[in-house]
>>> print(open('start38.pdb').read())   # PDB, C-alpha atoms and all ligand atoms
MODEL        1
ATOM      1  CA  MET A   1       0.000   0.000   0.000
ATOM      2  CA  GLU A   2       1.276   3.456  -0.871
ATOM      3  CA  ARG A   3       2.229   5.650   2.026
ATOM      4  CA  SER A   4      -0.402   8.255   1.040
ATOM      5  CA  ASP A   5      -3.212   5.643   1.026
ATOM      6  CA  LYS A   6      -2.083   4.389   4.373
ATOM      7  CA  ARG A   7      -2.095   7.927   5.759
ATOM      8  CA  LYS A   8      -5.639   8.527   4.526
ATOM      9  CA  GLN A   9      -6.733   5.408   6.374
ATOM     10  CA  THR A  10      -5.136   6.382   9.647
ATOM     11  CA  LEU A  11      -6.212  10.010   9.393
ATOM     12  CA  ALA A  12      -9.850   8.957   9.580
ATOM     13  CA  LEU A  13      -9.028   7.105  12.745
ATOM     14  CA  PHE A  14      -7.041   9.997  14.107
ATOM     15  CA  ALA A  15      -9.893  12.463  13.554
ATOM     16  CA  ASP A  16     -11.813  10.736  16.358
ATOM     17  CA  ALA A  17      -8.798  10.625  18.626
ATOM     18  CA  ILE A  18      -7.799  14.268  18.437
ATOM     19  CA  ALA A  19     -10.714  15.689  20.490
ATOM     20  CA  PRO A  20     -10.845  17.573  22.872
ATOM     21  CA  GLY A  21      -7.974  19.750  21.624
ATOM     22  CA  PRO A  22      -8.679  19.986  17.884
ATOM     23  CA  TYR A  23      -7.207  23.456  17.463
ATOM     24  CA  GLU A  24      -3.819  22.873  18.989
ATOM     25  CA  CYS A  25      -0.994  21.717  16.729
ATOM     26  CA  MET A  26       0.337  18.352  17.919
ATOM     27  CA  LEU A  27       3.945  19.451  17.446
ATOM     28  CA  CYS A  28       4.326  23.176  18.252
ATOM     29  CA  GLU A  29       1.223  23.282  20.506
ATOM     30  CA  GLU A  30       0.208  26.643  19.017
ATOM     31  CA  GLU A  31      -3.510  27.280  18.894
ATOM     32  CA  THR A  32      -4.069  27.833  15.210
ATOM     33  CA  VAL A  33      -5.725  26.326  12.161
ATOM     34  CA  ILE A  34      -4.637  22.724  11.943
ATOM     35  CA  GLY A  35      -5.236  20.083   9.295
ATOM     36  CA  GLU A  36      -6.787  16.675   9.795
ATOM     37  CA  ASP A  37      -3.243  15.393  10.312
ATOM     38  CA  GLY A  38      -3.130  17.389  13.575
ATOM     39  CA  LEU A  39      -0.518  19.836  12.299
ATOM     40  CA  CYS A  40      -0.291  23.533  11.532
ATOM     41  CA  ASP A  41       1.043  24.502   8.090
ATOM     42  CA  ALA A  42       4.464  25.495   9.460
ATOM     43  CA  CYS A  43       5.045  22.178  11.236
ATOM     44  CA  ARG A  44       3.789  20.157   8.280
ATOM     45  CA  GLU A  45       6.234  21.907   5.965
ATOM     46  CA  LYS A  46       9.115  21.108   8.308
ATOM     47  CA  LEU A  47       8.397  17.356   8.450
ATOM     48  CA  LEU A  48      11.040  15.230   6.780
ATOM     49  CA  TYR A  49      10.343  11.669   5.723
ATOM     50  CA  LEU A  50      13.213   9.244   6.009
ATOM     51  CA  PRO A  51      14.236   6.476   3.643
ATOM     52  CA  ASN A  52      14.010   3.213   5.570
ATOM     53  CA  PRO A  53      17.317   2.496   7.287
ATOM     54  CA  VAL A  54      19.226  -0.676   6.464
ATOM     55  CA  CYS A  55      18.805  -3.298   9.149
ATOM     56  CA  GLN A  56      20.621  -6.464  10.071
ATOM     57  CA  GLN A  57      19.579  -9.917  11.190
ATOM     58  CA  PRO A  58      17.789 -10.967  13.299
ATOM     59  CA  LEU A  59      15.575  -8.107  12.050
ATOM     60  CA  ASP A  60      14.199  -8.819   8.563
ATOM     61  CA  GLY A  61      13.009  -5.318   7.689
ATOM     62  CA  LEU A  62      12.347  -1.876   9.035
ATOM     63  CA  THR A  63      10.153   1.091   8.132
ATOM     64  CA  VAL A  64      10.534   4.555   9.626
ATOM     65  CA  GLY A  65       8.223   7.511   9.065
ATOM     66  CA  LEU A  66       9.797  10.789  10.067
ATOM     67  CA  ARG A  67      13.236  12.156  10.716
ATOM     68  CA  TYR A  68      13.704  12.765  14.444
ATOM     69  CA  SER A  69      13.621  16.436  15.494
ATOM     70  CA  ASP A  70      13.411  18.466  18.711
ATOM     71  CA  GLU A  71       9.693  19.022  18.112
ATOM     72  CA  LEU A  72       9.109  15.289  17.677
ATOM     73  CA  ALA A  73      11.181  14.514  20.770
ATOM     74  CA  SER A  74       8.947  16.827  22.816
ATOM     75  CA  ALA A  75       5.809  15.281  21.327
ATOM     76  CA  VAL A  76       7.088  11.772  22.154
ATOM     77  CA  MET A  77       7.729  12.950  25.706
ATOM     78  CA  ARG A  78       4.176  14.324  26.039
ATOM     79  CA  PHE A  79       2.859  11.000  24.748
ATOM     80  CA  LYS A  80       4.935   8.758  27.016
ATOM     81  CA  LYS A  81       5.570  10.701  30.195
ATOM     82  CA  ASN A  82       2.479  12.904  30.394
ATOM     83  CA  GLU A  83       0.196  10.125  29.202
ATOM     84  CA  GLN A  84      -1.257  12.312  26.424
ATOM     85  CA  THR A  85      -2.631   9.268  24.675
ATOM     86  CA  GLU A  86      -4.201  11.287  21.842
ATOM     87  CA  TYR A  87      -0.689  11.167  20.377
ATOM     88  CA  ALA A  88      -1.174   7.460  19.577
ATOM     89  CA  GLY A  89      -3.511   8.357  16.728
ATOM     90  CA  PHE A  90      -1.269  11.177  15.588
ATOM     91  CA  PHE A  91       1.860   9.014  15.474
ATOM     92  CA  THR A  92       0.089   6.065  13.837
ATOM     93  CA  GLN A  93      -0.310   8.028  10.598
ATOM     94  CA  PHE A  94       3.488   7.848  10.206
ATOM     95  CA  LEU A  95       3.755   4.074  10.732
ATOM     96  CA  SER A  96       3.713   1.701   7.789
ATOM     97  CA  VAL A  97       3.594  -2.050   7.252
ATOM     98  CA  PRO A  98       4.517  -3.008   3.647
ATOM     99  CA  ASP A  99       2.251  -5.627   2.024
ATOM    100  CA  GLU A 100       5.296  -7.717   1.077
ATOM    101  CA  TRP A 101       5.949  -8.417   4.754
ATOM    102  CA  HIS A 102       2.748 -10.557   4.791
ATOM    103  CA  ALA A 103       2.479  -9.708   8.469
ATOM    104  CA  ASP A 104       0.537 -12.105  10.693
ATOM    105  CA  ILE A 105       0.542 -10.021  13.846
ATOM    106  CA  LEU A 106       1.672  -6.735  15.419
ATOM    107  CA  VAL A 107       3.551  -6.974  18.713
ATOM    108  CA  PRO A 108       4.497  -4.077  21.004
ATOM    109  CA  ILE A 109       7.897  -3.658  22.618
ATOM    110  CA  PRO A 110       6.949  -4.964  26.059
ATOM    111  CA  MET A 111       7.473  -3.075  29.298
ATOM    112  CA  HIS A 112       8.385  -4.706  32.573
ATOM    113  CA  PRO A 113       5.211  -4.936  34.738
ATOM    114  CA  VAL A 114       6.783  -2.669  37.373
ATOM    115  CA  LYS A 115       7.612   0.046  34.802
ATOM    116  CA  LYS A 116       4.171  -0.294  33.281
ATOM    117  CA  ARG A 117       2.544   0.210  36.650
ATOM    118  CA  LEU A 118       4.637   3.342  37.168
ATOM    119  CA  ARG A 119       3.849   4.836  33.762
ATOM    120  CA  GLY A 120       0.258   3.644  33.656
ATOM    121  CA  PHE A 121       0.336   2.365  30.075
ATOM    122  CA  ASN A 122       2.601   0.891  27.430
ATOM    123  CA  HIS A 123       2.912   3.485  24.640
ATOM    124  CA  SER A 124       4.055   0.841  22.152
ATOM    125  CA  ALA A 125       0.970  -1.298  22.852
ATOM    126  CA  LEU A 126      -1.256   1.717  22.255
ATOM    127  CA  LEU A 127       0.452   2.366  18.896
ATOM    128  CA  CYS A 128      -0.139  -1.315  18.055
ATOM    129  CA  ALA A 129      -3.842  -0.993  18.847
ATOM    130  CA  TYR A 130      -4.195   2.014  16.525
ATOM    131  CA  LEU A 131      -2.077   0.469  13.776
ATOM    132  CA  SER A 132      -4.096  -2.729  14.035
ATOM    133  CA  HIS A 133      -7.301  -0.734  13.607
ATOM    134  CA  ALA A 134      -5.861   1.056  10.569
ATOM    135  CA  THR A 135      -4.376  -1.989   8.812
ATOM    136  CA  GLY A 136      -6.646  -4.835   9.903
ATOM    137  CA  ILE A 137      -3.608  -6.786  11.131
ATOM    138  CA  PRO A 138      -4.302  -8.209  14.605
ATOM    139  CA  TYR A 139      -2.069  -7.405  17.559
ATOM    140  CA  SER A 140      -1.138  -9.226  20.716
ATOM    141  CA  THR A 141       0.458  -8.238  24.007
ATOM    142  CA  GLU A 142       0.701 -11.914  25.029
ATOM    143  CA  LEU A 143       3.556 -13.083  22.830
ATOM    144  CA  LEU A 144       6.565 -11.180  24.126
ATOM    145  CA  TYR A 145       7.371 -10.230  27.717
ATOM    146  CA  LYS A 146       9.925  -8.126  29.526
ATOM    147  CA  VAL A 147      11.165 -10.356  32.310
ATOM    148  CA  LYS A 148      14.153  -8.362  33.557
ATOM    149  CA  LEU A 149      13.959  -4.901  35.097
ATOM    150  CA  THR A 150      16.654  -2.858  33.325
ATOM    151  CA  ASN A 151      18.139   0.624  33.545
ATOM    152  CA  GLU A 152      16.760   3.224  31.157
ATOM    153  CA  GLN A 153      18.462   2.808  27.757
ATOM    154  CA  LYS A 154      18.411   6.527  27.009
ATOM    155  CA  LYS A 155      21.382   7.401  29.205
ATOM    156  CA  LEU A 156      23.636   4.569  27.933
ATOM    157  CA  ASP A 157      25.940   4.306  24.909
ATOM    158  CA  ALA A 158      25.402   1.659  22.229
ATOM    159  CA  ALA A 159      27.536  -1.087  23.818
ATOM    160  CA  GLU A 160      26.048  -0.446  27.271
ATOM    161  CA  ARG A 161      22.549  -0.592  25.801
ATOM    162  CA  ARG A 162      23.218  -4.029  24.312
ATOM    163  CA  ARG A 163      24.609  -5.341  27.603
ATOM    164  CA  ASN A 164      21.809  -3.759  29.637
ATOM    165  CA  ILE A 165      19.011  -5.271  27.561
ATOM    166  CA  LYS A 166      20.557  -8.722  26.948
ATOM    167  CA  ASN A 167      18.312 -11.655  27.953
ATOM    168  CA  SER A 168      15.651  -9.358  29.360
ATOM    169  CA  PHE A 169      12.784 -10.629  27.162
ATOM    170  CA  ALA A 170      10.898 -13.928  26.899
ATOM    171  CA  ALA A 171       8.617 -15.096  24.090
ATOM    172  CA  SER A 172       5.653 -17.469  23.940
ATOM    173  CA  ASP A 173       5.943 -20.674  21.900
ATOM    174  CA  LEU A 174       2.881 -19.429  20.014
ATOM    175  CA  VAL A 175       5.156 -17.212  17.894
ATOM    176  CA  LYS A 176       6.361 -20.294  16.016
ATOM    177  CA  GLY A 177       6.077 -19.749  12.249
ATOM    178  CA  LEU A 178       4.639 -16.229  12.575
ATOM    179  CA  ARG A 179       5.669 -13.126  10.642
ATOM    180  CA  ILE A 180       5.765 -10.513  13.365
ATOM    181  CA  VAL A 181       5.885  -6.713  13.184
ATOM    182  CA  LEU A 182       7.238  -4.973  16.265
ATOM    183  CA  VAL A 183       5.948  -1.418  16.713
ATOM    184  CA  ASP A 184       7.724   1.445  18.449
ATOM    185  CA  ASP A 185       7.976   5.216  18.514
ATOM    186  CA  VAL A 186      11.704   5.939  18.122
ATOM    187  CA  PHE A 187      14.379   3.749  16.497
ATOM    188  CA  THR A 188      17.822   4.801  17.766
ATOM    189  CA  THR A 189      20.575   2.201  18.228
ATOM    190  CA  GLY A 190      18.045  -0.607  17.884
ATOM    191  CA  ALA A 191      19.515  -2.508  20.866
ATOM    192  CA  THR A 192      16.071  -3.186  22.347
ATOM    193  CA  VAL A 193      14.477  -4.103  19.027
ATOM    194  CA  TYR A 194      17.312  -6.455  18.045
ATOM    195  CA  GLU A 195      17.100  -8.180  21.414
ATOM    196  CA  CYS A 196      13.304  -8.581  20.977
ATOM    197  CA  ALA A 197      13.846  -9.982  17.466
ATOM    198  CA  LYS A 198      16.475 -12.405  18.750
ATOM    199  CA  THR A 199      14.130 -13.641  21.469
ATOM    200  CA  LEU A 200      11.223 -14.078  19.030
ATOM    201  CA  LYS A 201      13.379 -15.931  16.492
ATOM    202  CA  ARG A 202      14.722 -18.211  19.196
ATOM    203  CA  SER A 203      11.116 -19.195  19.941
ATOM    204  CA  GLY A 204      10.517 -19.963  16.276
ATOM    205  CA  ALA A 205       9.168 -16.737  14.733
ATOM    206  CA  GLU A 206       9.631 -16.932  10.958
ATOM    207  CA  LYS A 207      10.211 -13.220  10.344
ATOM    208  CA  VAL A 208      10.518 -10.189  12.603
ATOM    209  CA  TYR A 209      10.121  -6.624  11.308
ATOM    210  CA  LEU A 210       9.912  -3.214  12.915
ATOM    211  CA  ALA A 211       7.602  -0.288  12.134
ATOM    212  CA  ALA A 212       8.824   2.882  13.865
ATOM    213  CA  VAL A 213       7.454   6.420  13.844
ATOM    214  CA  THR A 214      10.771   8.234  13.810
ATOM    215  CA  ALA A 215      14.539   7.773  13.738
ATOM    216  CA  PRO A 216      17.520  10.109  13.718
ATOM    217  CA  ASP A 217      19.082  10.544  10.273
ATOM    218  CA  ARG A 218      22.264   8.499  10.086
TER     219      ARG A 218
HETATM  220 ZN    ZN A 301       2.705  23.456  14.586
ENDMDL
END
>>> encode(input="start38.pdb", output="structure tokens")
Amino acid sequence: MERSDKRKQTLALFADAIAPGPYECMLCEEETVIGEDGLCDACREKLLYLPNPVCQQPLDGLTVGLRYSDELASAVMRFKKNEQTEYAGFFTQFLSVPDEWHADILVPIPMHPVKKRLRGFNHSALLCAYLSHATGIPYSTELLYKVKLTNEQKKLDAAERRRNIKNSFAASDLVKGLRIVLVDDVFTTGATVYECAKTLKRSGAEKVYLAAVTAPDR
């Protein structure tokens, strides 16, 4: 499916989600005239779409919507830390699942139950729910688990991230033979995603992909 078709689909979904703040731009937060994509003209013009980054095994493919920016970083923060869940619909319009992936199921990056209790929700699971609604691909939060409580990845360098996250996930045997799409907001070093993919493949998943909203240009 073309990116523009996909966006039309998710925009319809997003239109319901944007209330009660329909006049505030989702990125700059200015009260102004905004489009059905949730953006003012200035922010829309500044958006940069990224070519999909090259990925390595055990990940079989990767799509990224937007180039990471300060405005997007703030929006991601409002979504995750302030629990402004209306951002799920907004971000979903920038996620894509290519037809050639023949995806069986969408799976969120799991949170440890303790972290989830602290935050109140798993942002990745919410993105999955919206993306599932938009694409018709089912999603499940019962296939991959975070079993080890780890330090926050954000403050660590690439090697530390890999060490920190190693062996911290577990997968259900039900993933056997499935083509799975992991869904997340930001793709940075990929340490978490690669560890998830490794865990899923070890339990027999046939393919593991990632759909991410944004990534820094590299
Ligand atoms: Zn704006």
>>> residues_around(input="start38.pdb", residues="Val208 in chain A", least_positions_apart="6", cutoff="7 Å", atoms="all atoms listed in the file", output="PyMOL selection string")
chain A and resi 59-60+179-181+197
>>> closest_atom_pairs(input="start38.pdb", of="range 96-154 of chain A", to="range 44-56 of chain A", cutoff="12 Å", atoms="all atoms listed in the file", output="CSV")
residue,atom,partner,partner_atom,distance
A:Ser96,CA,A:Asn52,CA,10.6
A:Val97,CA,A:Asn52,CA,11.8
A:Pro98,CA,A:Asn52,CA,11.5
>>> residues_near_ligand(input="start38.pdb", ligand="ligand ZN 301 (chain A)", cutoff="12 Å", atoms="all atoms listed in the file", output="number ranges by chain")
A: 23-35, 37-47, 71-72, 75
>>> atom_distance(input="start38.pdb", atom1="CA of Gly65 in chain A", atom2="CA of Lys81 in chain A")
21.5 Å
>>> atom_distance(input="start38.pdb", atom1="CA of Tyr194 in chain A", atom2="CA of Arg117 in chain A")
24.7 Å
>>> closest_residue(input="start38.pdb", among="A:Asp184, A:Glu83, A:Glu195, A:Glu152", to="Ala129 in chain A", atoms="only C-alpha atoms")
A:Asp184
>>> closest_residue(input="start38.pdb", among="A:Glu160, A:Asp185, A:Ala205, A:Glu86", to="Ala73 in chain A", atoms="all atoms listed in the file")
A:Asp185
>>> atom_distance(input="start38.pdb", atom1="CA of Leu127 in chain A", atom2="CA of Thr92 in chain A")
6.3 Å
>>> closest_residue(input="start38.pdb", among="A:Pro110, A:Gly61, A:Pro138, A:Gly190", to="Ala170 in chain A", atoms="all atoms listed in the file")
A:Pro110
>>> closest_residue(input="start38.pdb", among="A:Gln93, A:Ser203, A:Asn82, A:Thr135", to="Leu174 in chain A", atoms="all atoms listed in the file")
A:Ser203
>>> closest_residue(input="start38.pdb", among="A:Val186, A:Gly177, A:Thr192, A:Lys154", to="Ser69 in chain A", atoms="only C-alpha atoms")
A:Val186
>>> closest_residue(input="start38.pdb", among="A:Val114, A:Leu95, A:Ile109, A:Ala158", to="Ala134 in chain A", atoms="all atoms listed in the file")
A:Leu95
>>> resolve_selection(input="start38.pdb", expression="the PyMOL selection byres (((chain A and resi 199) around 10) and not hetatm)", output="MDAnalysis selection string")
chainID A and resid 58 144:145 166:172 193:198 200:205
>>> axis_aligned_box(input="start38.pdb", around="range 69-74 of chain A", padding_each_side="5 Å", output="lines of an AutoDock Vina configuration file")
center_x = 11.3
center_y = 16.8
center_z = 19.2
size_x = 14.7
size_y = 14.5
size_z = 17.3
>>> resolve_selection(input="start38.pdb", expression="the PyMOL selection byres (((chain A and resi 188) around 9) and not hetatm)", output="tab-separated table (two decimals) with C-alpha atoms, keeping the file's coordinate frame")
chain	number	residue	atom	x	y	z
A	186	VAL	CA	11.70	5.94	18.12
A	187	PHE	CA	14.38	3.75	16.50
A	189	THR	CA	20.58	2.20	18.23
A	190	GLY	CA	18.05	-0.61	17.88
A	191	ALA	CA	19.52	-2.51	20.87
A	214	THR	CA	10.77	8.23	13.81
A	215	ALA	CA	14.54	7.77	13.74
A	216	PRO	CA	17.52	10.11	13.72
>>> resolve_selection(input="start38.pdb", expression="the PyMOL selection byres (((chain A and resi 126) around 10) and not hetatm)", output="PyMOL selection string")
chain A and resi 85+87-89+92+108+121-125+127-132+183-184
